[in-house]
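Report on the structure given below.
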Amino acid sequence: MILDPSQKLSFSPLHRLQWEEAQQKHVILYPEGMVELNATAAEILGLCDGTRNLTEIVGELEQKFEATGLTDDIREMLEAALANGWIR
Amino acid sequence: MAGSDNPPISKPRWLLAELTYSCPLQCPYCANPVDFAKHKDELSTDDWKRVFTEARAMGAVQLGLSGGEPLIRQDLSELVRHARGLGYYTNLITSGYGMTEAKIAQLKEAGLDHIQVSIQSPEKTLNDHLAGTESFEHKKEVARLVKKHGYPMVLCVVIHRQNIHQMRDILEMAIELEADYLELANTQYYGWAHINRNALLPTKDQFVTAETIAQEYKEKLQGKMKIYYVVPDYYEDRPKACMNGWGTTFLTIAPDGTALPCHSARELPGLSCPNVRDSNIADIWERSEAFNRFRGFEWMPEPCRSCPEKTKDFGGCRCQAYLLTGDMNNADPVCALSPHHDEVAHAVTASLESADQPLIFRNVKRSKELSETS
């Protein structure tokens with residue numbers, strides 16, 4: 001699924017992103033299912049709150065981790081999230 | 001277990017709360033035990049809340065509220081509120097019978113995450129016949145209201161010989177109702193479905209045709225509707241990884257508080273299942289005989305014990321082994337490597353030869369009759 005870099009991304013109201021104490025990780029919950037997230041994916045998805053697009057998410061994370069060249073990895077993750085219906 | 005090649009005990013992730021065996025419907029493939037009418041002493045509201053709290057503390061996160069028909073419990077909203085407060089993702093698994101818009105709104109306010117509505121057939125006459133109750137139009141209305149109130153809507157249709165030819169209409173109905181998920185559940189032959197097997201099991205050709213149609217829609221609806229397809233055990237040559245392995249992930253609590261490693265385990269003779277009235281969930285999960293009985297690999301007979309696939313399918317399903325071979329310790333006979341694999345073919349032949357066997361509907365009267373004779 002192709003991501004429009006200017007599209008504001010928000011987390012799907014049909015899914016829930018939640019920290020699980022027992023598993024020490026974030027999970028996505030949906031009808032009768034659960035996906036366990038690694039820390040990076042949770043960080044990226046946590047920024048999908050309807051106020052940022054891809055470019056802004058990349059900017060924010062590159063600043064936070066003092067890194068550059070994160071665009072491709074983040075885009076790939078978000079495209080997978082879009083295909084799975086976690087974000088829209 | 002010292003010196004064991006069993007993996008360490010994992011924590012429950014899935015709690016299935018069968019709140020009641022009461023149900024206004026009479027589906028002949030019901031997964032409840034045939035003798036359900038014997039188990040009348042339902043847990044109280046406080047019992048259920050304690051069960052939810054204890055299981056959540058261990059790490060359970062998906063909660064299925066099921067039955068029977070869970071809407072019959074007058075404390076349903078209170079239980080949902082408690083569960084949601086603990087952080088569960090709460091799934092209501094309902095026939096829709098008795099659901100009103102006010103109730104849908106009330107449950108939403110209490111924190112319910114999702115409602116799964118079952119429909120027996122896309123055709124009114126067959127739906128009402130299978131359900132044993134006039135319910136078709138109301139179910140469709142409930143499905144619409146579930147969407148209207150912002151829930152993800154899961155439509156569940158159990159597939160068997162009486163409706164498998166309607167596969168295309170089932171999928172079109174799901175599209176019309178704007179289902180977010182469609183569960184096409186080929187009947188699993190336990191409980192009432194097992195005693196009705198001869199009337200329910202489709203032919204292999206019927207399965208193949210239906211699966212092709214489902215696959216076609218799966219591709220067409222990608223990104224719009226997720227389709228879960230529960231495979232038909234009897235036409236497979238490897239067993240399913242039943243319950244993701246015994247005592248690894250799933251915990252079912254029956255209406256009377258009996259704790260089960262799977263919702264059919266009550267059918268297994270000689271398996272003494274603990275009750276939440278007597279012990280807490282951690283004790284039941286970690287230390288009870290029943291939950292440890294088929295954990296890991298050491299219980300396995302051959303051919304499973306030395307099979308490289310044992311880490312993938314965990315020896316298959318104990319209830320199926322019992323129902324088809326008479327011994328719950330055997331390899332699941334669905335597996336082509338099982339010495340009892342012929343039993344599956346015999347079951348298929350028997351069902352084709354007695355195709356006109358009438359359906360036995362699931363109700364209290366039949367349950368009492370059948371548990372007296374068994």
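Here, A, B, ... name the chains of the structure tokens in the order displayed, residue numbers run from 1 inside each chain, and ligands are numbered from 1 in the same displayed order.
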### Message
Which residues are close to stretch 59-61 of chain A, i.e. within 12 Å by only C-alpha atoms, leaving aside same-chain residues fewer than 2 positions away? Reply as a ChimeraX atom specification.
### Response
/A:40-41,43-48,52-57,63-71,73-74
Give as an MDAnalysis selection string every residue of chain B that touches chain A within 10 Å, counting only C-alpha atoms.
chainID B and resid 11 13:14 56:64 87:92 113:116 150:154 180:181 222:226
With C-alpha atoms retained, write the just-selected residues as a JSON list (two decimals), in the first residue's frame.
[["chain", "number", "residue", "atom", "x", "y", "z"],
["B", 11, "LYS", "CA", 0.94, -17.16, 30.78],
["B", 13, "ARG", "CA", -3.40, -14.42, 26.98],
["B", 14, "TRP", "CA", -6.97, -15.34, 26.13],
["B", 56, "ARG", "CA", -5.57, -10.11, 33.93],
["B", 57, "ALA", "CA", -2.86, -10.02, 36.61],
["B", 58, "MET", "CA", -1.29, -13.04, 34.90],
["B", 59, "GLY", "CA", -1.31, -11.30, 31.54],
["B", 60, "ALA", "CA", -4.59, -12.28, 29.89],
["B", 61, "VAL", "CA", -5.59, -9.45, 27.57],
["B", 62, "GLN", "CA", -8.26, -10.74, 25.19],
["B", 63, "LEU", "CA", -11.56, -11.46, 26.92],
["B", 64, "GLY", "CA", -14.36, -13.28, 25.13],
["B", 87, "GLY", "CA", -7.36, -3.22, 30.42],
["B", 88, "TYR", "CA", -8.90, -6.18, 28.63],
["B", 89, "TYR", "CA", -9.94, -5.99, 25.01],
["B", 90, "THR", "CA", -13.54, -7.07, 25.47],
["B", 91, "ASN", "CA", -15.28, -9.18, 22.81],
["B", 92, "LEU", "CA", -18.99, -9.91, 23.04],
["B", 113, "ASP", "CA", -14.65, -3.06, 22.39],
["B", 114, "HIS", "CA", -16.31, -5.33, 19.88],
["B", 115, "ILE", "CA", -19.47, -7.25, 19.10],
["B", 116, "GLN", "CA", -19.50, -10.43, 17.08],
["B", 150, "GLY", "CA", -18.85, 2.61, 16.13],
["B", 151, "TYR", "CA", -17.90, -0.92, 17.05],
["B", 152, "PRO", "CA", -15.83, -3.10, 14.76],
["B", 153, "MET", "CA", -18.38, -5.56, 13.43],
["B", 154, "VAL", "CA", -17.56, -9.20, 13.09],
["B", 180, "ASP", "CA", -15.23, -5.34, 9.17],
["B", 181, "TYR", "CA", -14.44, -9.00, 9.69],
["B", 222, "GLN", "CA", -8.45, -7.00, 0.80],
["B", 223, "GLY", "CA", -8.13, -3.85, 2.91],
["B", 224, "LYS", "CA", -11.94, -3.61, 3.28],
["B", 225, "MET", "CA", -13.02, -6.75, 5.08],
["B", 226, "LYS", "CA", -10.87, -9.31, 6.81]]
Using only C-alpha atoms, determine which residues lie at most 8 Å from stretch 315-317 of chain B, disregarding the query and same-chain residues fewer than 3 positions distant; provide the list as a list in words. Pro239, Lys240, Ala241, Cys242, Met300, Cys304, Lys310, Gln320, Ala321, Ala331 and Asp332 of chain B
If you take only C-alpha atoms and a cut-off of 9 Å, which residues of stretch 296-318 of chain B touch stretch 246-265 of chain B, and what are their nearest atom pairs and distances in Å to one decimal, in chain and number order, as a tab-separated table?
residue	atom	partner	partner_atom	distance
B:Gly296	CA	B:Trp246	CA	7.8
B:Phe314	CA	B:Trp246	CA	7.9
B:Cys317	CA	B:Trp246	CA	8.8
B:Arg318	CA	B:Ala265	CA	7.9
- Item | Residues within 8 Å of stretch 139-141 of chain B, only C-alpha atoms, excluding chain neighbours under 4 positions, as a list of chain:residue names |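 The residues that qualify are B:Ser95, B:Gly96, B:Tyr97, B:Val117, B:Ser118, B:Ile119, B:Ser135, B:Leu145, B:Leu177.
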Separating atom CA of B:Trp192 from atom CA of B:Pro12, to the nearest tenth of an Å, is a gap of 27.0 Å
Which residues come within 9 Å of B:Leu352, counting only C-alpha atoms, excluding same-chain residues fewer than 6 positions away, as an MDAnalysis selection string? chainID B and resid 198:199 201:203
Checklist line | Every residue of chain A that DSSP places in alpha helix (DSSP H), as a ChimeraX atom specification | finding: /A:39-46,54-64,71-83
Those residues you just picked out, can you put them in a file as a JSON list (two decimals), in the first residue's frame with C-alpha atoms?
[["chain", "number", "residue", "atom", "x", "y", "z"],
["A", 39, "ALA", "CA", 9.83, -0.60, 20.66],
["A", 40, "THR", "CA", 10.48, 1.12, 17.32],
["A", 41, "ALA", "CA", 7.12, 0.20, 15.83],
["A", 42, "ALA", "CA", 5.35, 1.33, 19.01],
["A", 43, "GLU", "CA", 7.21, 4.65, 18.87],
["A", 44, "ILE", "CA", 6.20, 5.25, 15.26],
["A", 45, "LEU", "CA", 2.56, 4.24, 15.72],
["A", 46, "GLY", "CA", 2.31, 6.32, 18.89],
["A", 54, "LEU", "CA", 5.00, 10.84, 7.21],
["A", 55, "THR", "CA", 7.45, 13.70, 6.77],
["A", 56, "GLU", "CA", 6.62, 15.12, 10.19],
["A", 57, "ILE", "CA", 6.87, 11.72, 11.89],
["A", 58, "VAL", "CA", 10.29, 11.15, 10.32],
["A", 59, "GLY", "CA", 11.41, 14.62, 11.37],
["A", 60, "GLU", "CA", 10.31, 14.09, 14.92],
["A", 61, "LEU", "CA", 11.98, 10.69, 15.28],
["A", 62, "GLU", "CA", 15.21, 11.75, 13.57],
["A", 63, "GLN", "CA", 15.42, 14.61, 16.01],
["A", 64, "LYS", "CA", 14.58, 12.43, 19.01],
["A", 71, "THR", "CA", 12.56, 7.78, 6.02],
["A", 72, "ASP", "CA", 12.63, 4.43, 4.20],
["A", 73, "ASP", "CA", 12.33, 2.31, 7.35],
["A", 74, "ILE", "CA", 9.53, 4.43, 8.76],
["A", 75, "ARG", "CA", 7.67, 4.53, 5.46],
["A", 76, "GLU", "CA", 7.91, 0.76, 5.16],
["A", 77, "MET", "CA", 6.55, 0.27, 8.68],
["A", 78, "LEU", "CA", 3.69, 2.72, 8.12],
["A", 79, "GLU", "CA", 2.75, 1.18, 4.79],
["A", 80, "ALA", "CA", 2.49, -2.20, 6.50],
["A", 81, "ALA", "CA", 0.40, -0.60, 9.26],
["A", 82, "LEU", "CA", -1.88, 0.95, 6.64],
["A", 83, "ALA", "CA", -2.29, -2.38, 4.85]]
**Message:** Rounded to one decimal, what separation in Å do you get between atom CA of B:Asp169 and atom CA of B:Ile213?
**Reply:**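 Answer for the atom CA of B:Asp169 to atom CA of B:Ile213 separation: 10.3 Å.
Straight-line separation from atom CA of B:Thr20 to atom CA of B:Ser44: 10.8 Å.
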**OP:** Would you return as an NGL selection string the members of stretch 130-184 of chain B that DSSP assigns to strand (DSSP E or B) on this structure's backbone?
**Re:** :B and (153-159 or 181-184)
Between stretch 28-96 of chain B and stretch 359-367 of chain B, at 6 Å or less, what are the per-residue closest atom pairs and their distances in Å? Count only C-alpha atoms, order by chain and rising residue number, and return it as CSV.
residue,atom,partner,partner_atom,distance
B:Pro28,CA,B:Phe361,CA,4.7
B:Val34,CA,B:Ser367,CA,5.6
B:Asp35,CA,B:Ser367,CA,5.2
B:Ala37,CA,B:Val364,CA,5.6
Resulting file, chosen residues, C-alpha atoms, as a short mmCIF file (atom, residue, chain, number, x, y, z; two decimals), in the first residue's frame:
data_model
loop_
_atom_site.label_atom_id
_atom_site.label_comp_id
_atom_site.auth_asym_id
_atom_site.auth_seq_id
_atom_site.Cartn_x
_atom_site.Cartn_y
_atom_site.Cartn_z
CA PRO B 28 -27.54 -27.95 16.21
CA VAL B 34 -24.30 -31.94 25.19
CA ASP B 35 -25.00 -32.32 28.93
CA ALA B 37 -28.42 -28.76 31.32
#
